[in-house]
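Below is run27.txt, holding compact mmCIF, C-alpha atoms.
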```
# COMPACT_ATOMS: atom_id res chain seq x y z
CA MET A 1 61.36 53.04 -24.66
CA LYS A 2 59.87 55.39 -22.06
CA THR A 3 62.16 53.96 -19.37
CA ARG A 4 65.19 54.46 -21.60
CA LEU A 5 64.21 58.06 -22.31
CA LEU A 6 63.69 58.68 -18.61
CA GLY A 7 67.10 57.14 -17.88
CA VAL A 8 68.79 59.37 -20.48
CA ALA A 9 67.01 62.42 -19.06
CA ILE A 10 68.09 61.62 -15.48
CA LEU A 11 71.66 60.94 -16.63
CA SER A 12 71.72 64.24 -18.54
CA LEU A 13 70.47 66.10 -15.47
CA LEU A 14 73.05 64.43 -13.23
CA THR A 15 75.80 65.32 -15.69
CA ALA A 16 74.53 68.88 -15.95
CA PHE A 17 74.52 69.41 -12.20
CA ALA A 18 77.58 67.34 -11.32
CA GLN A 19 79.85 68.96 -8.74
CA ASN A 20 82.90 70.58 -10.27
CA LEU A 21 85.54 68.75 -8.22
CA GLY A 22 88.08 69.18 -10.97
CA TYR A 23 87.89 72.96 -10.83
CA GLU A 24 91.21 74.66 -11.39
CA PRO A 25 91.40 78.44 -11.02
CA ASP A 26 92.84 80.56 -13.80
CA ARG A 27 96.35 81.46 -12.64
CA ASP A 28 96.13 84.79 -14.46
CA TRP A 29 92.99 85.83 -12.56
CA ARG A 30 94.73 87.45 -9.62
CA ALA A 31 93.74 90.33 -7.42
CA PRO A 32 96.25 93.20 -7.21
CA ALA A 33 98.16 93.16 -3.91
CA PRO A 34 96.35 96.17 -2.33
CA ALA A 35 92.96 94.57 -3.07
CA ALA A 36 94.06 91.13 -1.88
CA SER A 37 95.22 92.52 1.45
CA GLN A 38 91.90 94.18 2.28
CA SER A 39 90.20 92.71 5.32
CA ASN A 40 86.50 92.06 5.62
CA PRO A 41 84.84 94.97 7.50
CA LEU A 42 82.12 92.54 8.65
CA LEU A 43 84.45 90.09 10.40
CA ALA A 44 83.14 91.28 13.75
CA LYS A 45 79.57 90.66 12.60
CA PRO A 46 79.38 86.94 11.73
CA GLN A 47 75.59 87.16 11.83
CA ALA A 48 75.82 89.15 8.55
CA ALA A 49 76.61 85.84 6.80
CA ALA A 50 72.87 85.07 6.84
CA GLY A 51 72.31 88.06 4.57
CA GLY A 52 75.23 86.78 2.50
CA GLN A 53 73.49 83.44 2.10
CA LYS A 54 70.35 85.20 0.86
CA LEU A 55 72.41 87.14 -1.68
CA PHE A 56 74.29 83.99 -2.66
CA LEU A 57 71.09 82.09 -3.39
CA ARG A 58 69.78 85.03 -5.42
CA ASN A 59 72.89 85.85 -7.43
CA CYS A 60 75.35 82.96 -7.35
CA ALA A 61 73.53 79.64 -6.84
CA GLU A 62 72.49 79.38 -10.50
CA CYS A 63 76.14 78.72 -11.43
CA HIS A 64 77.78 77.67 -8.14
CA ARG A 65 74.83 75.67 -6.69
CA ALA A 66 73.29 76.47 -3.32
CA ASP A 67 76.06 74.55 -1.53
CA GLY A 68 78.78 76.32 -3.54
CA ALA A 69 80.04 73.07 -5.07
CA GLY A 70 79.97 74.47 -8.60
CA VAL A 71 78.62 72.82 -11.73
CA GLU A 72 81.04 70.88 -13.90
CA ASN A 73 79.06 71.55 -17.04
CA LYS A 74 79.26 75.29 -16.44
CA HIS A 75 82.94 75.22 -15.45
CA SER A 76 81.93 77.22 -12.37
CA ALA A 77 84.22 77.19 -9.35
CA ASP A 78 83.70 74.71 -6.53
CA LEU A 79 83.83 77.22 -3.70
CA GLN A 80 84.26 74.47 -1.11
CA LEU A 81 87.69 73.47 -2.43
CA PRO A 82 90.80 74.49 -0.46
CA VAL A 83 92.13 76.23 -3.58
CA VAL A 84 89.27 78.73 -3.17
CA GLN A 85 89.00 78.79 0.63
CA GLN A 86 92.73 79.52 0.97
CA GLN A 87 92.33 82.79 -0.93
CA SER A 88 92.19 85.96 1.17
CA ASP A 89 88.93 87.78 1.87
CA GLY A 90 90.19 90.70 -0.20
CA THR A 91 90.87 88.40 -3.17
CA LEU A 92 87.38 86.90 -3.05
CA PHE A 93 85.86 90.39 -2.75
CA TRP A 94 87.89 91.58 -5.74
CA LYS A 95 86.83 88.56 -7.81
CA ILE A 96 83.14 89.10 -6.99
CA THR A 97 83.50 92.79 -7.86
CA ASN A 98 85.34 92.39 -11.16
CA GLY A 99 84.19 89.03 -12.43
CA HIS A 100 86.12 87.03 -15.01
CA ALA A 101 84.43 87.71 -18.33
CA SER A 102 86.40 85.21 -20.41
CA ARG A 103 85.30 82.40 -18.07
CA GLY A 104 81.69 83.58 -17.93
CA MET A 105 81.84 85.01 -14.40
CA PRO A 106 80.02 88.37 -14.44
CA SER A 107 80.94 91.39 -12.35
CA PHE A 108 78.73 91.96 -9.31
CA SER A 109 79.78 95.56 -8.77
CA LYS A 110 76.07 96.41 -8.96
CA LEU A 111 75.77 95.10 -5.39
CA PRO A 112 76.72 97.54 -2.63
CA ALA A 113 80.22 96.93 -1.24
CA LEU A 114 78.94 95.67 2.12
CA GLU A 115 76.71 93.13 0.39
CA ARG A 116 79.75 91.82 -1.51
CA TRP A 117 81.58 91.48 1.81
CA GLN A 118 78.54 89.59 3.11
CA LEU A 119 78.97 87.18 0.20
CA VAL A 120 82.61 86.66 1.21
CA LEU A 121 81.47 86.00 4.77
CA PHE A 122 79.00 83.38 3.56
CA ILE A 123 81.50 81.72 1.19
CA ARG A 124 83.71 81.13 4.26
CA THR A 125 80.93 78.99 5.74
CA LEU A 126 80.75 76.64 2.74
CA LYS A 127 81.96 73.17 3.68
CA PRO A 128 82.13 69.92 1.72
CA ALA A 129 79.29 67.47 2.35
CA GLY A 130 79.85 65.56 5.58
CA SER A 131 81.66 68.37 7.35
CA GLN A 132 79.99 70.89 9.64
CA ALA A 133 77.06 72.68 8.02
CA PRO A 134 76.92 76.48 7.89
CA ASP A 135 75.75 78.03 11.17
CA ASN A 136 73.82 80.88 9.64
CA THR A 137 70.64 80.18 7.78
CA ILE A 138 68.00 82.52 6.48
CA ARG A 139 65.12 82.91 8.87
CA ASN A 140 61.79 82.71 7.10
CA MET B 141 37.56 107.94 -25.47
CA GLN B 142 37.17 106.30 -28.83
CA LEU B 143 39.78 103.84 -29.90
CA SER B 144 39.82 102.66 -33.48
CA CYS B 145 42.50 100.54 -35.08
CA ASN B 146 43.62 101.41 -38.56
CA TYR B 147 45.31 98.16 -39.42
CA ASP B 148 45.13 94.48 -38.53
CA VAL B 149 48.54 94.80 -37.00
CA GLY B 150 47.18 97.69 -35.00
CA ARG B 151 44.38 95.50 -33.65
CA ILE B 152 46.87 92.82 -32.65
CA CYS B 153 48.98 95.46 -31.01
CA ALA B 154 45.97 96.91 -29.16
CA LEU B 155 45.14 93.41 -27.89
CA LEU B 156 48.74 93.01 -26.77
CA ILE B 157 48.61 96.40 -25.07
CA GLY B 158 45.42 95.40 -23.29
CA CYS B 159 46.98 92.15 -22.10
CA LEU B 160 50.08 93.94 -20.89
CA LEU B 161 48.07 96.49 -18.98
CA GLY B 162 45.64 93.96 -17.58
CA VAL B 163 48.30 91.64 -16.31
CA PRO B 164 51.02 93.01 -14.07
CA ALA B 165 53.97 93.57 -16.31
CA LEU B 166 57.08 91.33 -16.07
CA MET B 167 61.17 92.45 -14.41
CA HIS B 168 64.64 91.82 -12.05
CA ALA B 169 66.71 92.19 -8.91
CA GLN B 170 69.12 94.96 -8.02
CA GLU B 171 68.15 96.44 -11.37
CA SER B 172 69.16 99.94 -12.25
CA PRO B 173 66.18 102.20 -11.47
CA PHE B 174 66.70 104.28 -14.61
CA PHE B 175 64.34 104.18 -17.58
CA VAL B 176 66.50 106.10 -20.04
CA THR B 177 70.06 106.22 -18.70
CA TYR B 178 72.16 103.10 -19.19
CA THR B 179 74.81 102.02 -16.72
CA HIS B 180 77.80 99.69 -17.20
CA HIS B 181 76.05 96.84 -15.38
CA MET B 182 75.31 94.12 -17.91
CA GLU B 183 72.86 91.23 -17.90
CA GLU B 184 74.44 88.08 -16.46
CA PRO B 185 75.40 85.59 -19.22
CA GLY B 186 72.64 83.11 -20.02
CA ASN B 187 69.96 85.11 -18.19
CA LEU B 188 66.83 86.37 -19.90
CA GLU B 189 65.01 89.41 -18.59
CA ILE B 190 61.44 90.03 -19.70
CA GLU B 191 60.31 93.56 -19.11
CA SER B 192 56.98 95.18 -19.70
CA SER B 193 56.90 98.96 -19.44
CA SER B 194 54.60 101.83 -20.24
CA THR B 195 55.08 105.52 -20.75
CA PHE B 196 52.03 107.67 -19.99
CA GLY B 197 52.25 111.14 -21.48
CA VAL B 198 50.31 114.02 -19.91
CA PRO B 199 49.88 116.56 -22.69
CA ARG B 200 50.34 120.26 -23.01
CA GLN B 201 47.65 122.38 -24.66
CA GLY B 202 46.76 121.14 -28.13
CA GLN B 203 48.28 117.69 -27.59
CA ALA B 204 46.60 114.36 -26.89
CA ALA B 205 47.33 112.21 -23.84
CA TYR B 206 48.91 108.91 -24.77
CA ILE B 207 50.12 105.61 -23.41
CA ALA B 208 53.04 103.86 -25.06
CA PRO B 209 53.66 100.32 -23.80
CA TYR B 210 56.66 98.23 -24.80
CA LEU B 211 57.91 94.74 -24.26
CA GLU B 212 61.63 94.17 -23.88
CA LEU B 213 63.61 90.92 -23.97
CA GLU B 214 67.14 91.29 -22.63
CA TYR B 215 69.64 88.46 -22.85
CA GLY B 216 73.19 88.21 -21.57
CA LEU B 217 75.18 86.68 -24.44
CA THR B 218 78.45 86.92 -22.50
CA ALA B 219 79.56 88.69 -19.33
CA ARG B 220 80.38 91.76 -21.45
CA TRP B 221 77.76 91.61 -24.22
CA THR B 222 74.04 92.13 -23.72
CA THR B 223 71.45 92.11 -26.48
CA GLU B 224 67.86 93.36 -26.32
CA LEU B 225 64.79 93.20 -28.53
CA TYR B 226 61.86 95.62 -28.17
CA ALA B 227 58.34 95.69 -29.56
CA GLU B 228 56.32 98.81 -28.93
CA GLY B 229 52.90 100.36 -29.43
CA GLN B 230 51.03 103.54 -28.71
CA SER B 231 47.47 104.64 -28.04
CA SER B 232 46.39 108.28 -27.98
CA TRP B 233 43.30 109.71 -26.30
CA GLY B 234 40.52 110.10 -28.89
CA ASP B 235 42.70 108.54 -31.55
CA SER B 236 43.81 105.04 -32.51
CA ALA B 237 46.01 102.34 -31.02
CA VAL B 238 48.93 101.48 -33.27
CA PHE B 239 51.98 99.26 -33.41
CA THR B 240 54.91 101.62 -33.64
CA GLY B 241 57.76 99.25 -34.45
CA TRP B 242 60.67 97.29 -33.04
CA ARG B 243 64.23 97.86 -31.94
CA TRP B 244 67.28 95.66 -31.56
CA GLU B 245 70.08 96.91 -29.37
CA ASN B 246 73.47 95.62 -28.33
CA ARG B 247 75.72 96.78 -25.51
CA TYR B 248 79.36 95.83 -25.18
CA LYS B 249 81.46 96.59 -22.13
CA LEU B 250 84.87 97.67 -23.36
CA LEU B 251 86.95 96.92 -20.26
CA SER B 252 86.91 93.56 -18.53
CA ARG B 253 87.65 94.93 -15.05
CA GLU B 254 85.92 97.55 -12.94
CA HIS B 255 87.33 101.07 -13.15
CA TRP B 256 86.19 104.42 -11.81
CA ILE B 257 84.73 105.10 -15.26
CA ASN B 258 83.54 102.09 -17.27
CA PRO B 259 82.85 102.72 -20.94
CA VAL B 260 80.19 100.69 -22.76
CA LEU B 261 79.43 100.90 -26.48
CA TYR B 262 75.79 100.75 -27.52
CA LEU B 263 74.46 100.16 -31.01
CA GLU B 264 70.78 99.98 -31.91
CA TYR B 265 68.75 99.50 -35.06
CA GLU B 266 65.22 100.89 -34.99
CA ASP B 267 62.42 100.13 -37.43
CA LEU B 268 59.79 102.54 -36.14
CA ASN B 269 57.19 105.00 -37.32
CA GLU B 270 56.78 108.56 -36.13
CA ALA B 271 53.93 107.56 -33.78
CA SER B 272 56.52 106.01 -31.40
CA ARG B 273 56.26 107.61 -27.96
CA ILE B 274 58.00 105.23 -25.55
CA GLN B 275 60.88 107.72 -25.34
CA LYS B 276 63.55 105.23 -24.36
CA GLU B 277 65.83 108.03 -25.37
CA VAL B 278 65.31 111.64 -26.33
CA GLU B 279 67.45 112.98 -29.16
CA GLY B 280 67.34 115.65 -31.83
CA GLY B 281 64.43 118.10 -31.62
CA GLY B 282 61.05 117.55 -30.03
CA GLN B 283 58.60 114.84 -31.11
CA ASP B 284 55.41 115.55 -33.02
CA LEU B 285 52.84 115.21 -30.23
CA SER B 286 50.01 116.98 -32.07
CA SER B 287 49.46 115.09 -35.33
CA PRO B 288 46.99 112.16 -35.40
CA ASN B 289 48.30 108.60 -35.49
CA ARG B 290 46.97 107.97 -39.01
CA GLU B 291 49.44 110.54 -40.31
CA LEU B 292 52.33 109.48 -38.11
CA VAL B 293 52.23 105.73 -38.77
CA GLY B 294 52.89 106.33 -42.48
CA GLU B 295 56.17 108.07 -41.73
CA HIS B 296 58.78 105.38 -41.24
CA ALA B 297 62.01 105.84 -39.39
CA HIS B 298 64.81 103.38 -40.04
CA GLU B 299 67.30 104.62 -37.56
CA LEU B 300 70.74 103.64 -36.40
CA GLU B 301 71.64 104.84 -32.96
CA ALA B 302 74.91 104.73 -31.06
CA LYS B 303 75.64 105.63 -27.46
CA LEU B 304 78.75 106.01 -25.42
CA ILE B 305 77.84 104.94 -21.91
CA LEU B 306 80.15 106.10 -19.14
CA SER B 307 79.31 104.77 -15.72
CA GLY B 308 80.92 104.11 -12.38
CA ASP B 309 80.15 103.15 -8.78
CA TYR B 310 81.43 105.41 -5.98
CA HIS B 311 80.64 104.48 -2.38
CA ASP B 312 77.53 102.63 -3.60
CA TRP B 313 76.39 105.61 -5.68
CA ASN B 314 76.02 104.77 -9.33
CA VAL B 315 76.72 107.70 -11.65
CA ALA B 316 76.07 107.23 -15.36
CA GLU B 317 76.18 109.46 -18.40
CA ASN B 318 75.14 108.62 -21.96
CA PHE B 319 76.02 110.49 -25.16
CA ILE B 320 73.65 109.69 -28.00
CA VAL B 321 74.19 109.94 -31.75
CA ALA B 322 71.38 108.86 -34.10
CA LYS B 323 70.90 108.81 -37.85
CA ASN B 324 67.47 108.40 -39.44
CA PHE B 325 67.99 106.86 -42.88
CA SER B 326 64.39 107.58 -43.91
CA ARG B 327 64.74 111.34 -43.78
CA ALA B 328 67.32 113.96 -44.65
CA GLU B 329 67.48 115.41 -41.16
CA GLY B 330 71.18 115.09 -40.45
CA ILE B 331 72.61 113.32 -37.44
CA SER B 332 70.83 114.02 -34.18
CA PHE B 333 72.27 114.14 -30.67
CA GLY B 334 71.06 113.59 -27.16
CA TYR B 335 72.16 112.95 -23.61
CA ALA B 336 71.08 111.19 -20.45
CA PHE B 337 72.52 111.48 -16.96
CA GLY B 338 71.57 109.54 -13.86
CA VAL B 339 72.54 109.04 -10.21
CA SER B 340 71.17 106.30 -7.94
CA HIS B 341 71.76 104.77 -4.51
CA PRO B 342 70.21 101.82 -2.65
CA LEU B 343 68.29 102.75 0.50
CA ALA B 344 70.29 100.19 2.50
CA THR B 345 73.67 98.63 1.74
CA LEU B 346 73.60 95.64 4.08
CA ALA B 347 71.31 92.68 3.36
CA SER B 348 69.21 91.43 6.24
CA GLY B 349 69.23 87.73 7.06
CA GLU B 350 65.48 87.51 6.62
CA LYS B 351 63.42 87.08 3.51
CA CYS B 352 61.57 90.34 3.27
CA ARG B 353 59.69 92.31 0.68
CA TRP B 354 59.62 95.75 2.28
CA CYS B 355 63.20 95.95 3.61
CA LYS B 356 65.06 99.11 2.68
CA GLU B 357 67.70 97.00 0.89
CA ASN B 358 65.09 96.18 -1.78
CA PHE B 359 64.68 99.80 -2.81
CA THR B 360 66.97 101.93 -4.97
CA VAL B 361 66.22 105.59 -5.57
CA GLY B 362 67.77 108.28 -7.69
CA GLY B 363 67.21 110.78 -10.44
CA GLU B 364 67.88 111.14 -14.12
CA MET B 365 67.84 113.93 -16.67
CA TYR B 366 67.61 113.41 -20.40
CA GLY B 367 67.02 115.42 -23.53
CA GLY B 368 67.89 116.27 -27.10
CA LEU B 369 70.84 118.30 -28.31
CA GLY B 370 69.61 119.09 -31.81
CA SER B 371 71.31 117.80 -34.92
CA THR B 372 74.03 118.58 -37.41
CA MET B 373 71.51 121.01 -38.92
CA GLY B 374 71.30 122.92 -35.67
CA PHE B 375 73.19 121.80 -32.60
CA GLY B 376 72.09 122.93 -29.15
CA VAL B 377 69.23 122.82 -26.69
CA ARG B 378 66.96 125.22 -28.57
CA ASN B 379 63.61 123.67 -29.56
CA THR B 380 64.44 120.38 -27.91
CA ALA B 381 62.71 118.26 -25.27
CA HIS B 382 64.24 117.80 -21.80
CA TYR B 383 63.02 115.90 -18.76
CA LEU B 384 63.98 115.73 -15.10
CA ALA B 385 62.86 112.53 -13.40
CA PRO B 386 63.10 110.99 -9.94
CA VAL B 387 63.38 107.19 -10.24
CA MET B 388 62.69 104.28 -7.93
CA SER B 389 63.05 100.52 -8.19
CA TRP B 390 61.66 97.91 -5.82
CA LEU B 391 62.88 94.34 -5.74
CA ILE B 392 59.68 92.43 -5.04
CA SER B 393 61.16 88.93 -5.25
CA ASP B 394 64.45 87.26 -6.16
CA SER B 395 63.48 87.34 -9.81
CA SER B 396 61.15 90.29 -10.23
CA SER B 397 61.11 94.01 -9.64
CA LEU B 398 59.06 97.11 -10.24
CA ARG B 399 60.21 100.53 -11.35
CA PHE B 400 58.47 103.88 -11.36
CA SER B 401 59.44 107.33 -12.54
CA PRO B 402 57.45 110.54 -12.92
CA ALA B 403 59.30 112.81 -15.37
CA ILE B 404 58.75 116.55 -15.58
CA GLY B 405 58.96 118.12 -19.02
CA LEU B 406 61.24 121.15 -18.87
CA THR B 407 60.58 122.72 -22.26
CA HIS B 408 57.58 123.38 -24.49
CA GLU B 409 58.70 120.56 -26.81
CA SER B 410 58.41 118.04 -23.94
CA SER B 411 55.20 116.47 -22.68
CA ALA B 412 54.15 118.24 -19.49
CA LEU B 413 54.61 115.02 -17.50
CA LEU B 414 55.60 111.44 -18.21
CA PHE B 415 54.71 108.59 -15.88
CA ARG B 416 56.80 105.52 -16.47
CA PHE B 417 56.05 102.10 -15.00
CA SER B 418 57.91 98.87 -15.49
CA TYR B 419 57.79 95.30 -14.27
CA VAL B 420 60.76 92.98 -14.86
CA TYR B 421 60.98 89.24 -14.53
CA GLU B 422 64.29 87.45 -14.86
CA ILE B 423 64.82 83.83 -15.83
CA GLN B 424 68.27 82.68 -14.76
CA GLY B 425 70.35 80.43 -16.98
CA ILE B 426 67.71 80.05 -19.68
CA GLY B 427 70.37 79.37 -22.34
CA GLY B 428 71.67 76.35 -20.41
CA LYS B 429 68.15 75.12 -19.66
CA ILE B 430 67.21 75.14 -23.36
CA SER B 431 70.50 73.46 -24.27
CA ARG B 432 69.86 70.68 -21.75
CA LEU B 433 66.30 70.31 -22.99
CA LEU B 434 67.59 69.84 -26.53
CA GLY B 435 70.39 67.57 -25.37
CA ILE B 436 73.08 70.00 -26.47
CA ARG B 437 76.17 70.13 -24.27
CA PRO B 438 76.95 73.82 -23.59
```
Could you rewrite the structure in this file as structure tokens?
Amino acid sequence: MKTRLLGVAILSLLTAFAQNLGYEPDRDWRAPAPAASQSNPLLAKPQAAAGGQKLFLRNCAECHRADGAGVENKHSADLQLPVVQQQSDGTLFWKITNGHASRGMPSFSKLPALERWQLVLFIRTLKPAGSQAPDNTIRN
Amino acid sequence: MQLSCNYDVGRICALLIGCLLGVPALMHAQESPFFVTYTHHMEEPGNLEIESSSTFGVPRQGQAAYIAPYLELEYGLTARWTTELYAEGQSSWGDSAVFTGWRWENRYKLLSREHWINPVLYLEYEDLNEASRIQKEVEGGGQDLSSPNRELVGEHAHELEAKLILSGDYHDWNVAENFIVAKNFSRAEGISFGYAFGVSHPLATLASGEKCRWCKENFTVGGEMYGGLGSTMGFGVRNTAHYLAPVMSWLISDSSSLRFSPAIGLTHESSALLFRFSYVYEIQGIGGKISRLLGIRP
């Protein structure tokens, strides 16, 4: 009985944290053209992605997982997927700033603008398992 | 200082107050540093924030010093709807420690996107007595800071309060203004009004790549001003309490933060000084965790 309960618990946990490979973005959640065309002011400072990783773990990992793969159960975006990575920096910045309330994504406008650009910088480093790992890691 | 509790509930409250003061109070990251002014930033959906705060009142002549602690549970129901429950108490110097009541508030962000002004509607029900001194908002005329608690706890205040919160972020400055309208159904005192205004800015706007506790990015500073605007029986700033307060918040870990604000009373109806302290602890995704524990698919 105990083994069965343990099995059910492990299965539930696996289901809860399963990667959201089937993620499909909402086609109506689009950044306005001027916002989408904005470039990342930190592009010349790739080392700022380490700060982005810290912010990501603090603010985003609960829903998107630490590796950005998303959680199927939460319908959160798999940030590793090409459908996300192909979006412009400005679009990602706009989506972090405004959120998508009807899909449960909160606005992170409470973060300073540069910190949101740091998040964009870190999201660019997210790679599917097996590919090259992110270069920047938080130094303890 | 002699503390005596008038009721059993008062004793329980005093014990709770003691526990809250003895143990560092609980709070969260990148939190607004304001104690009174609300901004348009909502709690993330599924997150629970546990906050323990205290308001210390330094009296004017003829008034008693007091400490009014409160416990606040804030939950993000959706990305645009936040609900909060408060329980509060009060202890006056040379008087008793009493439970002063509870509050339930709801905030709803009207617009789904970010704009230069973001309106939020706020509605709160309060079941308090007149001994309440946490001063989460100041409205109407001044509070009775002279009468003993035994007289004040008998005077109940069932109040409905609404706020229009207008807030925006400009170059990492947050500017927020609140207009307050309150109606006490226990007394024929008309509808009372109040205001709160706040400005804040983080000390640094770029996150370092290191885990650090004392980095400038972990601190937000600012100022707020709040006060009463009388009531329908006499609108205006005459005989009302007003405070000017520098504010500071410090993110001490990914899930906890501290806030501090010394407020200066600007009128005779205000306390001379208020010292506000708060500790916030945030539990991320608690709704989902409970659902999984119970085997419910969210």
Handout entry: Interatomic distance (Å, one decimal) between atom CA of A:Pro112 and atom CA of B:Asn314
Key =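 A separation of 9.9 Å between them.
Note that atom CA of A:Asn40 and atom CA of A:Asp89 are 6.2 Å apart.
Within 6 Å of chain A, chain B contributes the residues Glu184, Ala219, Arg253, Glu254, Asp312, Thr345, Leu346, Ala347, Ser348, Gly349, Glu350, Lys351 and Asp394 of chain B, using all atoms listed in the file.
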- prompt: Which residues, written as a PyMOL selection string, have at least one atom at most 9 Å from B:Leu391, with all atoms listed in the file counted and residues fewer than 3 positions away on the same chain left out?
  reply: chain B and resi 168-171+353-354+357-360+394-399
Open item on the list: Could you tell me how far atom CA of B:Asn246 sits from atom CA of B:Thr223, in Å to one decimal place?
Closed with: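 So the answer is 4.5 Å.
When all atoms listed in the file are used to compute distances to B:Gly216, the closest of the residues B:Trp242, B:Asp309, B:Ile274, B:Ile426 turns out to be B:Ile426.
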Which polymer residues have any atom within 8 Å of an atom of stretch 289-291 of chain B, counting all atoms listed in the file, with same-chain residues fewer than 2 positions away left out, as a compact mmCIF listing (two decimals) with C-alpha atoms, keeping the file's coordinate frame?
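That gives us part39.txt:
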```txt
# COMPACT_ATOMS: atom_id res chain seq x y z
CA ASN B 146 43.62 101.41 -38.56
CA SER B 232 46.39 108.28 -27.98
CA ASP B 235 42.70 108.54 -31.55
CA SER B 236 43.81 105.04 -32.51
CA VAL B 238 48.93 101.48 -33.27
CA ALA B 271 53.93 107.56 -33.78
CA SER B 287 49.46 115.09 -35.33
CA VAL B 293 52.23 105.73 -38.77
CA GLY B 294 52.89 106.33 -42.48
CA GLU B 295 56.17 108.07 -41.73
```
Exercise for review: Might you pull out every residue within 12 Å of B:Glu409, with all atoms listed in the file counted and same-chain residues fewer than 6 positions away left off, and present them as a ChimeraX atom specification?
Suggested key: /B:199-201,203,278-286,367-368,377-383
Margin query: as a ChimeraX atom specification, please: the residues near A:Pro82 (cut-off 12 Å, all atoms listed in the file, same-chain neighbours under 3 positions excluded).
Written below: /A:21,23-25,69,77-79,85-88,123-124,126-128
Taking the point (55.8, 98.3, -14.8) as given in the file, collect each protein or nucleic acid residue that comes within 7 Å of it, counting only C-alpha atoms, and present the set as a PyMOL selection string. chain B and resi 165+192-194+398-399+417-419
Note to self: Need the shell around B:Ala227: protein/DNA/RNA residues with any atom at most 10 Å away, counting all atoms listed in the file. Skip same-chain ones fewer than 5 positions apart. Format as a list in words?
What the structure shows: Cys153, Ser192, Pro209, Tyr210, Leu211, Glu212, Leu213, Phe239, Thr240, Gly241, Trp242, Arg243, Trp244, Asp267 and Leu268 of chain B
Review point. Using all atoms listed in the file, which of B:Pro402, B:Gly428, B:Gly334, B:Gly435 sits nearest A:Val71?
Key: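 Smallest separation from A:Val71 among the options: B:Gly428.
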task = May I have the protein, DNA and RNA residues with any atom at most 12 Å from the point (91.3, 93.4, 2.6), counting all atoms listed in the file, written as a list in words?
result =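 Here the neighbourhood of the point contains Ala31, Pro32, Ala33, Pro34, Ala35, Ala36, Ser37, Gln38, Ser39, Asn40, Pro41, Leu42, Leu43, Gln87, Ser88, Asp89, Gly90, Thr91, Leu92, Phe93, Trp94, Trp117 and Val120 of chain A.
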Centre and size of axis-aligned box enclosing stretch 428-437 of chain B plus 5 Å each side, as AutoDock Vina command-line options:
```
--center_x 71.2 --center_y 72.0 --center_z -23.1 --size_x 19.9 --size_y 18.8 --size_z 16.9
```
Subject >> Nearest to B:Lys356, chosen from B:Ile207, B:Arg327, B:Trp390, B:Gly376, with all atoms listed in the file counted in the distances >> reply: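 For B:Lys356, the nearest of the given residues is B:Trp390.
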